[in-house]
Structure formats: C-alpha cells, structure tokens
Amino acid sequence: MAKRRFGRGGQGPAAGANPESQEAGGGEGDPSTPPQPSDGGEESAAGAVGERGAATPLVSEGDRLLAKAQALAKEGQSDAAVDLIQQVLKEGPAELSARLALGQIYDRRGDYLEALEQYEAARALDPDNVVVLSKIGVVLAALGRFDQAERELKRAQRLDPNRADVHATIGILHFKRGLYAAAEAELKRAIELEPDHATAYFYRGESLNQLDRVDEALEMLERAIELQPQNARAYYTMGILYDKKQQPDKAAAYFRKAREVAAK
C-alpha cells in the first residue's frame, strides 16, 4: 500500500505522495494532502458531490446515504463511510457521485489501486467528466505512473482550460519529475485563476527555489504561509532561502518555526 510522506523542504515530495492530494488541503501543514482536483485545487470528491447537492436538494435515499457517508469520512470513520457508499451503489441512482466519493476515501487512505478502480468506473459512466479525469491523473501520479497521469490531466485541461485545480495538479506533477520551469508556469496560471490557492503558492515557491529565483520564491512562500499557517515545509524552505541570501539569523528562525509547527 502506498503511503503519503513528508518530503524535505526545498525538495520534491516523496515518490508515493499524492500530488493533489496535495489540496486539497488534507492535514494542516501538509500541502501534499490539500487540494485535489475536483477539490478546488483542489476540491475533494466529497466537495464536488457536495456542490452538486447544494444545487439539487437531497431527496433520494441514495443521496441521503451518500451525504451521511461523506460526513462519516470527514470524521475519520472511513470504514463506515465505505459501507454506506456500497449500499448506495447497490441502489444505483447516485452511482457517479458514489464512485467519486468512494474513490476519494480510498485515495485518502493511500489505497491508490482501489481509488483508481472507482475512478475508472466513474469514467465509464461519464468519459468526458473533468473531475473524474483529474482524479485518475492524481492517483496514477501517486502510483508513479507519471506519463499516464500527465495524459489524463492534459485531457482534462483541454476539456476545461480554466480549472485552477487541474493546472495546479499538472504543476505538482512536473515538480515531482524535476521539470521546475514547466511546474512554475502551470502553478502561476493556477494562481491567476484562483488567487487564494495555497498549494499552488507553495509549489510555485518550491519550484522557484529550485530555479534559484530566491526573492520570487520567498514571495510565494510568504503567501502560502498566510493561507496555510500550519505548513511546516513552507517555513523550512524559507529557512533554506534565507540561508542562500546569507541571512543566518532569519534562516535559523524559520528552521525553528518549521520544527515547532511540525511538532504540533
């Protein structure tokens, strides 16, 4: 089973880490678990389903169970949530939403193959669904299947070129592959489309650090910290950047802050 891990500041995330998953904003201070595509850069599958629910009142039994399952998943009761979603799938009317929600639960647990199975089932129901394509790209990247991941994400981008979450996820994928200039360009576009996209600011800062564009990197990471103050990796990378600027006192302060935040 693949596991998410913290990478060292100033370096790419661990190979098994989900890049989106990266936004989705999961655990505070871990940008690799916040936005996923659907999830507002990251909106989560549950978030996407919730948006549909906001537009259409929850009237069916399947929708009611799905909403309850999403609430259980947010409370950390993933097994109970899976059971409820399986019940929804037997009933059928909310199958696409159920597949997305179930895939999201497996993804958050690090069960990427199971998540991929659910997202592929969702694709069979709606082949041009940008949310589904994005999520398939995310889990393929988490499985290390980068070329396939990029194909799926690029297809999603062609279908809807103005989704910040898709640009951010492609940018994170480029970052993981060491394509820092390409990553910076995608993440810049994500920020243009969604000015408060914390994960995009973080990874753009990391990319700029790798490109030795120190002052620009600091600007991006300062904004990332404003939006996500529990992001320990952002503080750590700022320490690296101030070390590059030969400001050891500031560097030490940010390294210390990174340790404090990570310990919480």
# chains A, B, ... in the order shown; residues from 1 in each chain; ligands from 1

$ residues_around --residues "Leu140 (chain A)" --least-positions-apart "4" --cutoff "8 Å" --atoms "only C-alpha atoms" --output "PDB file with C-alpha atoms, in the first residue's frame"
ATOM      1  CA  TYR A 112      -4.456   4.099  -4.722  1.00  0.00           C
ATOM      2  CA  LEU A 116      -8.211   4.099  -9.413  1.00  0.00           C
ATOM      3  CA  ILE A 136      -7.497   9.471 -12.370  1.00  0.00           C
ATOM      4  CA  GLY A 144       4.377   6.548 -10.069  1.00  0.00           C
ATOM      5  CA  ARG A 145       2.756   6.194 -13.498  1.00  0.00           C
ATOM      6  CA  PHE A 146       3.689   9.719 -14.489  1.00  0.00           C
ATOM      7  CA  GLN A 148      -0.239   8.135 -17.945  1.00  0.00           C
ATOM      8  CA  ALA A 149      -1.040  10.700 -15.273  1.00  0.00           C
TER       9      ALA A 149
END

$ select_by_dssp --residues "region 124-187 of chain A" --states "alpha helix (DSSP H)" --output "MDAnalysis selection string"
chainID A and resid 124:125 130:142 146:159 164:176 180:187

$ write_last_selection --atoms "N, CA and C atoms" --output "compact mmCIF listing (two decimals), in the first residue's frame"
# COMPACT_ATOMS: atom_id res chain seq x y z
N ALA A 124 -16.33 5.35 -16.93
CA ALA A 124 -17.21 4.59 -17.82
C ALA A 124 -18.61 5.20 -17.89
N LEU A 125 -19.02 5.85 -16.81
CA LEU A 125 -20.33 6.49 -16.77
C LEU A 125 -20.33 7.85 -17.46
N VAL A 130 -14.45 16.16 -16.32
CA VAL A 130 -13.14 16.72 -15.98
C VAL A 130 -12.71 16.33 -14.57
N VAL A 131 -13.65 16.30 -13.64
CA VAL A 131 -13.33 15.90 -12.27
C VAL A 131 -12.80 14.47 -12.25
N VAL A 132 -13.47 13.59 -12.94
CA VAL A 132 -13.06 12.18 -12.97
C VAL A 132 -11.68 12.05 -13.60
N LEU A 133 -11.46 12.69 -14.74
CA LEU A 133 -10.17 12.61 -15.41
C LEU A 133 -9.05 13.14 -14.52
N SER A 134 -9.32 14.23 -13.81
CA SER A 134 -8.32 14.81 -12.92
C SER A 134 -7.96 13.84 -11.81
N LYS A 135 -8.96 13.21 -11.24
CA LYS A 135 -8.70 12.29 -10.14
C LYS A 135 -7.95 11.05 -10.62
N ILE A 136 -8.26 10.59 -11.81
CA ILE A 136 -7.50 9.47 -12.37
C ILE A 136 -6.03 9.88 -12.52
N GLY A 137 -5.79 11.09 -13.02
CA GLY A 137 -4.43 11.57 -13.14
C GLY A 137 -3.71 11.64 -11.81
N VAL A 138 -4.42 12.06 -10.79
CA VAL A 138 -3.82 12.19 -9.46
C VAL A 138 -3.37 10.83 -8.92
N VAL A 139 -4.23 9.83 -8.99
CA VAL A 139 -3.85 8.54 -8.41
C VAL A 139 -2.81 7.84 -9.27
N LEU A 140 -2.84 8.05 -10.58
CA LEU A 140 -1.77 7.49 -11.42
C LEU A 140 -0.42 8.08 -11.04
N ALA A 141 -0.39 9.38 -10.76
CA ALA A 141 0.85 10.01 -10.31
C ALA A 141 1.29 9.44 -8.97
N ALA A 142 0.33 9.22 -8.07
CA ALA A 142 0.66 8.65 -6.76
C ALA A 142 1.23 7.24 -6.90
N PHE A 146 3.71 8.29 -14.18
CA PHE A 146 3.69 9.72 -14.49
C PHE A 146 3.23 10.03 -15.91
N ASP A 147 3.67 9.25 -16.88
CA ASP A 147 3.28 9.53 -18.26
C ASP A 147 1.77 9.39 -18.44
N GLN A 148 1.21 8.32 -17.87
CA GLN A 148 -0.24 8.13 -17.94
C GLN A 148 -0.96 9.26 -17.21
N ALA A 149 -0.42 9.62 -16.05
CA ALA A 149 -1.04 10.70 -15.27
C ALA A 149 -1.09 11.99 -16.08
N GLU A 150 0.01 12.31 -16.73
CA GLU A 150 0.05 13.56 -17.50
C GLU A 150 -0.95 13.52 -18.65
N ARG A 151 -1.09 12.37 -19.30
CA ARG A 151 -2.06 12.28 -20.40
C ARG A 151 -3.48 12.56 -19.92
N GLU A 152 -3.84 11.97 -18.78
CA GLU A 152 -5.19 12.18 -18.26
C GLU A 152 -5.41 13.64 -17.86
N LEU A 153 -4.41 14.22 -17.21
CA LEU A 153 -4.54 15.60 -16.76
C LEU A 153 -4.57 16.58 -17.93
N LYS A 154 -3.78 16.30 -18.95
CA LYS A 154 -3.80 17.17 -20.12
C LYS A 154 -5.14 17.08 -20.84
N ARG A 155 -5.73 15.89 -20.85
CA ARG A 155 -7.05 15.76 -21.46
C ARG A 155 -8.07 16.58 -20.68
N ALA A 156 -8.00 16.50 -19.35
CA ALA A 156 -8.90 17.31 -18.52
C ALA A 156 -8.69 18.79 -18.80
N GLN A 157 -7.45 19.18 -18.98
CA GLN A 157 -7.14 20.59 -19.23
C GLN A 157 -7.68 21.05 -20.59
N ARG A 158 -7.62 20.17 -21.58
CA ARG A 158 -8.18 20.53 -22.89
C ARG A 158 -9.70 20.72 -22.81
N LEU A 159 -10.34 19.87 -22.02
CA LEU A 159 -11.79 19.97 -21.88
C LEU A 159 -12.21 21.23 -21.12
N ALA A 164 -8.36 25.91 -12.10
CA ALA A 164 -7.13 26.13 -11.34
C ALA A 164 -6.59 24.83 -10.77
N ASP A 165 -7.49 23.95 -10.31
CA ASP A 165 -7.02 22.72 -9.68
C ASP A 165 -6.28 21.83 -10.67
N VAL A 166 -6.71 21.81 -11.92
CA VAL A 166 -6.04 20.98 -12.92
C VAL A 166 -4.65 21.56 -13.23
N HIS A 167 -4.57 22.87 -13.40
CA HIS A 167 -3.26 23.50 -13.62
C HIS A 167 -2.33 23.22 -12.43
N ALA A 168 -2.86 23.33 -11.22
CA ALA A 168 -2.03 23.09 -10.03
C ALA A 168 -1.54 21.65 -9.98
N THR A 169 -2.40 20.71 -10.30
CA THR A 169 -2.01 19.31 -10.24
C THR A 169 -0.97 18.98 -11.29
N ILE A 170 -1.13 19.52 -12.49
CA ILE A 170 -0.11 19.32 -13.53
C ILE A 170 1.21 19.95 -13.08
N GLY A 171 1.14 21.12 -12.47
CA GLY A 171 2.34 21.77 -11.97
C GLY A 171 3.05 20.93 -10.92
N ILE A 172 2.29 20.34 -10.01
CA ILE A 172 2.89 19.49 -8.98
C ILE A 172 3.51 18.25 -9.61
N LEU A 173 2.84 17.70 -10.60
CA LEU A 173 3.39 16.54 -11.31
C LEU A 173 4.72 16.90 -11.98
N HIS A 174 4.78 18.05 -12.64
CA HIS A 174 6.04 18.49 -13.24
C HIS A 174 7.11 18.66 -12.17
N PHE A 175 6.71 19.21 -11.01
CA PHE A 175 7.68 19.41 -9.93
C PHE A 175 8.25 18.07 -9.48
N LYS A 176 7.40 17.08 -9.33
CA LYS A 176 7.87 15.76 -8.90
C LYS A 176 8.83 15.14 -9.91
N TYR A 180 11.14 21.92 -13.30
CA TYR A 180 10.79 23.04 -12.44
C TYR A 180 10.26 24.25 -13.22
N ALA A 181 10.80 24.54 -14.39
CA ALA A 181 10.30 25.67 -15.17
C ALA A 181 8.87 25.42 -15.64
N ALA A 182 8.62 24.20 -16.10
CA ALA A 182 7.26 23.85 -16.53
C ALA A 182 6.30 23.88 -15.35
N ALA A 183 6.77 23.40 -14.19
CA ALA A 183 5.94 23.43 -12.98
C ALA A 183 5.59 24.86 -12.61
N GLU A 184 6.58 25.73 -12.63
CA GLU A 184 6.35 27.13 -12.25
C GLU A 184 5.31 27.78 -13.16
N ALA A 185 5.36 27.48 -14.45
CA ALA A 185 4.42 28.09 -15.38
C ALA A 185 2.98 27.64 -15.11
N GLU A 186 2.80 26.33 -14.86
CA GLU A 186 1.45 25.82 -14.58
C GLU A 186 0.92 26.37 -13.27
N LEU A 187 1.78 26.44 -12.27
CA LEU A 187 1.35 26.92 -10.96
C LEU A 187 1.06 28.42 -10.99

$ residues_around --residues "region 245-251 of chain A" --least-positions-apart "5" --cutoff "10 Å" --atoms "only C-alpha atoms" --output "mmCIF file with N, CA and C atoms, in the first residue's frame"
data_model
loop_
_atom_site.group_PDB
_atom_site.id
_atom_site.type_symbol
_atom_site.label_atom_id
_atom_site.label_comp_id
_atom_site.auth_asym_id
_atom_site.auth_seq_id
_atom_site.Cartn_x
_atom_site.Cartn_y
_atom_site.Cartn_z
ATOM 1 N N VAL A 214 15.394 33.304 -5.913
ATOM 2 C CA VAL A 214 15.216 33.298 -4.465
ATOM 3 C C VAL A 214 14.157 34.291 -4.000
ATOM 4 N N ASP A 215 14.240 35.526 -4.443
ATOM 5 C CA ASP A 215 13.295 36.537 -3.959
ATOM 6 C C ASP A 215 11.858 36.214 -4.374
ATOM 7 N N TYR A 235 7.822 26.880 5.946
ATOM 8 C CA TYR A 235 8.763 27.554 6.837
ATOM 9 C C TYR A 235 10.180 27.020 6.609
ATOM 10 N N TYR A 236 10.285 25.704 6.451
ATOM 11 C CA TYR A 236 11.605 25.097 6.277
ATOM 12 C C TYR A 236 12.274 25.606 4.999
ATOM 13 N N THR A 237 11.506 25.645 3.910
ATOM 14 C CA THR A 237 12.088 26.120 2.652
ATOM 15 C C THR A 237 12.454 27.593 2.741
ATOM 16 N N MET A 238 11.677 28.372 3.482
ATOM 17 C CA MET A 238 12.052 29.775 3.674
ATOM 18 C C MET A 238 13.380 29.880 4.424
ATOM 19 N N GLY A 239 13.608 28.957 5.349
ATOM 20 C CA GLY A 239 14.908 28.923 6.014
ATOM 21 C C GLY A 239 16.032 28.675 5.022
ATOM 22 N N ILE A 240 15.798 27.745 4.097
ATOM 23 C CA ILE A 240 16.794 27.461 3.060
ATOM 24 C C ILE A 240 17.053 28.705 2.207
ATOM 25 N N ARG A 256 13.541 26.975 13.002
ATOM 26 C CA ARG A 256 12.950 26.751 14.320
ATOM 27 C C ARG A 256 11.423 26.726 14.231
ATOM 28 N N LYS A 257 10.874 27.659 13.476
ATOM 29 C CA LYS A 257 9.416 27.699 13.308
ATOM 30 C C LYS A 257 8.915 26.436 12.612
#

$ residues_around --residues "Val261 (chain A)" --least-positions-apart "5" --cutoff "12 Å" --atoms "only C-alpha atoms" --output "number ranges by chain"
A: 28-30, 225, 228-236, 254-256

$ residues_around --residues "Arg213 (chain A)" --least-positions-apart "2" --cutoff "12 Å" --atoms "only C-alpha atoms" --output "MDAnalysis selection string"
chainID A and resid 180:181 184 204:211 215:220 241 244:245

$ closest_residue --among "A:Ala121, A:Asp196, A:Asp126, A:Tyr242" --to "Arg223 (chain A)" --atoms "only C-alpha atoms"
A:Asp196

$ atom_distance --atom1 "CA of Leu113 (chain A)" --atom2 "CA of Ala71 (chain A)"
23.4 Å

$ residues_around --residues "Ala224 (chain A)" --least-positions-apart "5" --cutoff "6 Å" --atoms "only C-alpha atoms" --output "PyMOL selection string"
chain A and resi 198+201-202

$ decode --residues "region 98-205 of chain A" --atoms "C-alpha atoms" --output "mmCIF file, in the first residue's frame"
data_model
loop_
_atom_site.group_PDB
_atom_site.id
_atom_site.type_symbol
_atom_site.label_atom_id
_atom_site.label_comp_id
_atom_site.auth_asym_id
_atom_site.auth_seq_id
_atom_site.Cartn_x
_atom_site.Cartn_y
_atom_site.Cartn_z
ATOM 1 C CA ALA A 98 -20.847 7.406 -5.148
ATOM 2 C CA ARG A 99 -17.894 6.227 -7.244
ATOM 3 C CA LEU A 100 -16.202 9.601 -6.802
ATOM 4 C CA ALA A 101 -16.800 9.642 -3.059
ATOM 5 C CA LEU A 102 -15.599 6.059 -2.628
ATOM 6 C CA GLY A 103 -12.500 6.727 -4.709
ATOM 7 C CA GLN A 104 -11.756 9.767 -2.571
ATOM 8 C CA ILE A 105 -11.912 7.711 0.618
ATOM 9 C CA TYR A 106 -9.540 5.087 -0.775
ATOM 10 C CA ASP A 107 -7.226 7.831 -2.028
ATOM 11 C CA ARG A 108 -7.046 9.466 1.405
ATOM 12 C CA ARG A 109 -6.237 6.085 2.946
ATOM 13 C CA GLY A 110 -3.403 5.578 0.464
ATOM 14 C CA ASP A 111 -5.227 2.728 -1.281
ATOM 15 C CA TYR A 112 -4.456 4.099 -4.722
ATOM 16 C CA LEU A 113 -5.260 0.999 -6.764
ATOM 17 C CA GLU A 114 -8.700 0.778 -5.168
ATOM 18 C CA ALA A 115 -9.194 4.509 -5.766
ATOM 19 C CA LEU A 116 -8.211 4.099 -9.413
ATOM 20 C CA GLU A 117 -10.717 1.269 -9.826
ATOM 21 C CA GLN A 118 -13.524 3.507 -8.572
ATOM 22 C CA TYR A 119 -12.492 6.452 -10.735
ATOM 23 C CA GLU A 120 -12.281 4.225 -13.818
ATOM 24 C CA ALA A 121 -15.803 3.021 -13.067
ATOM 25 C CA ALA A 122 -16.868 6.668 -12.878
ATOM 26 C CA ARG A 123 -15.155 7.355 -16.212
ATOM 27 C CA ALA A 124 -17.208 4.587 -17.816
ATOM 28 C CA LEU A 125 -20.330 6.489 -16.769
ATOM 29 C CA ASP A 126 -19.109 9.902 -17.980
ATOM 30 C CA PRO A 127 -15.970 9.726 -20.183
ATOM 31 C CA ASP A 128 -15.517 13.493 -20.518
ATOM 32 C CA ASN A 129 -16.027 14.389 -16.859
ATOM 33 C CA VAL A 130 -13.142 16.722 -15.978
ATOM 34 C CA VAL A 131 -13.331 15.901 -12.271
ATOM 35 C CA VAL A 132 -13.056 12.183 -12.972
ATOM 36 C CA LEU A 133 -10.166 12.610 -15.411
ATOM 37 C CA SER A 134 -8.321 14.808 -12.919
ATOM 38 C CA LYS A 135 -8.700 12.287 -10.140
ATOM 39 C CA ILE A 136 -7.497 9.471 -12.370
ATOM 40 C CA GLY A 137 -4.427 11.572 -13.140
ATOM 41 C CA VAL A 138 -3.821 12.189 -9.461
ATOM 42 C CA VAL A 139 -3.854 8.544 -8.411
ATOM 43 C CA LEU A 140 -1.774 7.487 -11.424
ATOM 44 C CA ALA A 141 0.848 10.009 -10.310
ATOM 45 C CA ALA A 142 0.664 8.651 -6.759
ATOM 46 C CA LEU A 143 1.341 5.193 -8.222
ATOM 47 C CA GLY A 144 4.377 6.548 -10.069
ATOM 48 C CA ARG A 145 2.756 6.194 -13.498
ATOM 49 C CA PHE A 146 3.689 9.719 -14.489
ATOM 50 C CA ASP A 147 3.275 9.526 -18.264
ATOM 51 C CA GLN A 148 -0.239 8.135 -17.945
ATOM 52 C CA ALA A 149 -1.040 10.700 -15.273
ATOM 53 C CA GLU A 150 0.047 13.559 -17.496
ATOM 54 C CA ARG A 151 -2.060 12.278 -20.400
ATOM 55 C CA GLU A 152 -5.194 12.179 -18.259
ATOM 56 C CA LEU A 153 -4.540 15.598 -16.756
ATOM 57 C CA LYS A 154 -3.797 17.173 -20.123
ATOM 58 C CA ARG A 155 -7.047 15.758 -21.457
ATOM 59 C CA ALA A 156 -8.901 17.307 -18.521
ATOM 60 C CA GLN A 157 -7.136 20.592 -19.235
ATOM 61 C CA ARG A 158 -8.180 20.528 -22.893
ATOM 62 C CA LEU A 159 -11.789 19.974 -21.880
ATOM 63 C CA ASP A 160 -11.719 22.819 -19.351
ATOM 64 C CA PRO A 161 -8.609 25.032 -19.640
ATOM 65 C CA ASN A 162 -9.696 27.367 -16.845
ATOM 66 C CA ARG A 163 -9.695 24.981 -13.884
ATOM 67 C CA ALA A 164 -7.131 26.135 -11.341
ATOM 68 C CA ASP A 165 -7.023 22.715 -9.679
ATOM 69 C CA VAL A 166 -6.036 20.982 -12.922
ATOM 70 C CA HIS A 167 -3.256 23.497 -13.617
ATOM 71 C CA ALA A 168 -2.029 23.088 -10.028
ATOM 72 C CA THR A 169 -2.013 19.306 -10.237
ATOM 73 C CA ILE A 170 -0.111 19.318 -13.526
ATOM 74 C CA GLY A 171 2.342 21.765 -11.969
ATOM 75 C CA ILE A 172 2.889 19.494 -8.976
ATOM 76 C CA LEU A 173 3.389 16.538 -11.311
ATOM 77 C CA HIS A 174 6.041 18.491 -13.241
ATOM 78 C CA PHE A 175 7.676 19.408 -9.925
ATOM 79 C CA LYS A 176 7.866 15.760 -8.900
ATOM 80 C CA ARG A 177 9.539 14.968 -12.206
ATOM 81 C CA GLY A 178 12.119 17.729 -11.769
ATOM 82 C CA LEU A 179 10.651 19.901 -14.540
ATOM 83 C CA TYR A 180 10.788 23.044 -12.443
ATOM 84 C CA ALA A 181 10.305 25.673 -15.167
ATOM 85 C CA ALA A 182 7.257 23.851 -16.532
ATOM 86 C CA ALA A 183 5.944 23.428 -12.982
ATOM 87 C CA GLU A 184 6.347 27.130 -12.254
ATOM 88 C CA ALA A 185 4.416 28.092 -15.385
ATOM 89 C CA GLU A 186 1.454 25.816 -14.584
ATOM 90 C CA LEU A 187 1.353 26.924 -10.959
ATOM 91 C CA LYS A 188 1.498 30.573 -11.980
ATOM 92 C CA ARG A 189 -1.578 30.001 -14.134
ATOM 93 C CA ALA A 190 -3.350 28.231 -11.264
ATOM 94 C CA ILE A 191 -2.758 31.287 -9.068
ATOM 95 C CA GLU A 192 -4.040 33.611 -11.784
ATOM 96 C CA LEU A 193 -7.243 31.577 -11.917
ATOM 97 C CA GLU A 194 -7.548 31.153 -8.141
ATOM 98 C CA PRO A 195 -5.604 33.824 -6.202
ATOM 99 C CA ASP A 196 -6.011 32.075 -2.832
ATOM 100 C CA HIS A 197 -4.788 28.634 -3.944
ATOM 101 C CA ALA A 198 -2.409 27.821 -1.065
ATOM 102 C CA THR A 199 -0.956 24.676 -2.613
ATOM 103 C CA ALA A 200 -0.150 26.466 -5.865
ATOM 104 C CA TYR A 201 1.720 29.183 -3.968
ATOM 105 C CA PHE A 202 3.665 26.573 -2.022
ATOM 106 C CA TYR A 203 4.761 24.512 -5.002
ATOM 107 C CA ARG A 204 5.451 27.573 -7.105
ATOM 108 C CA GLY A 205 7.725 28.755 -4.294
#
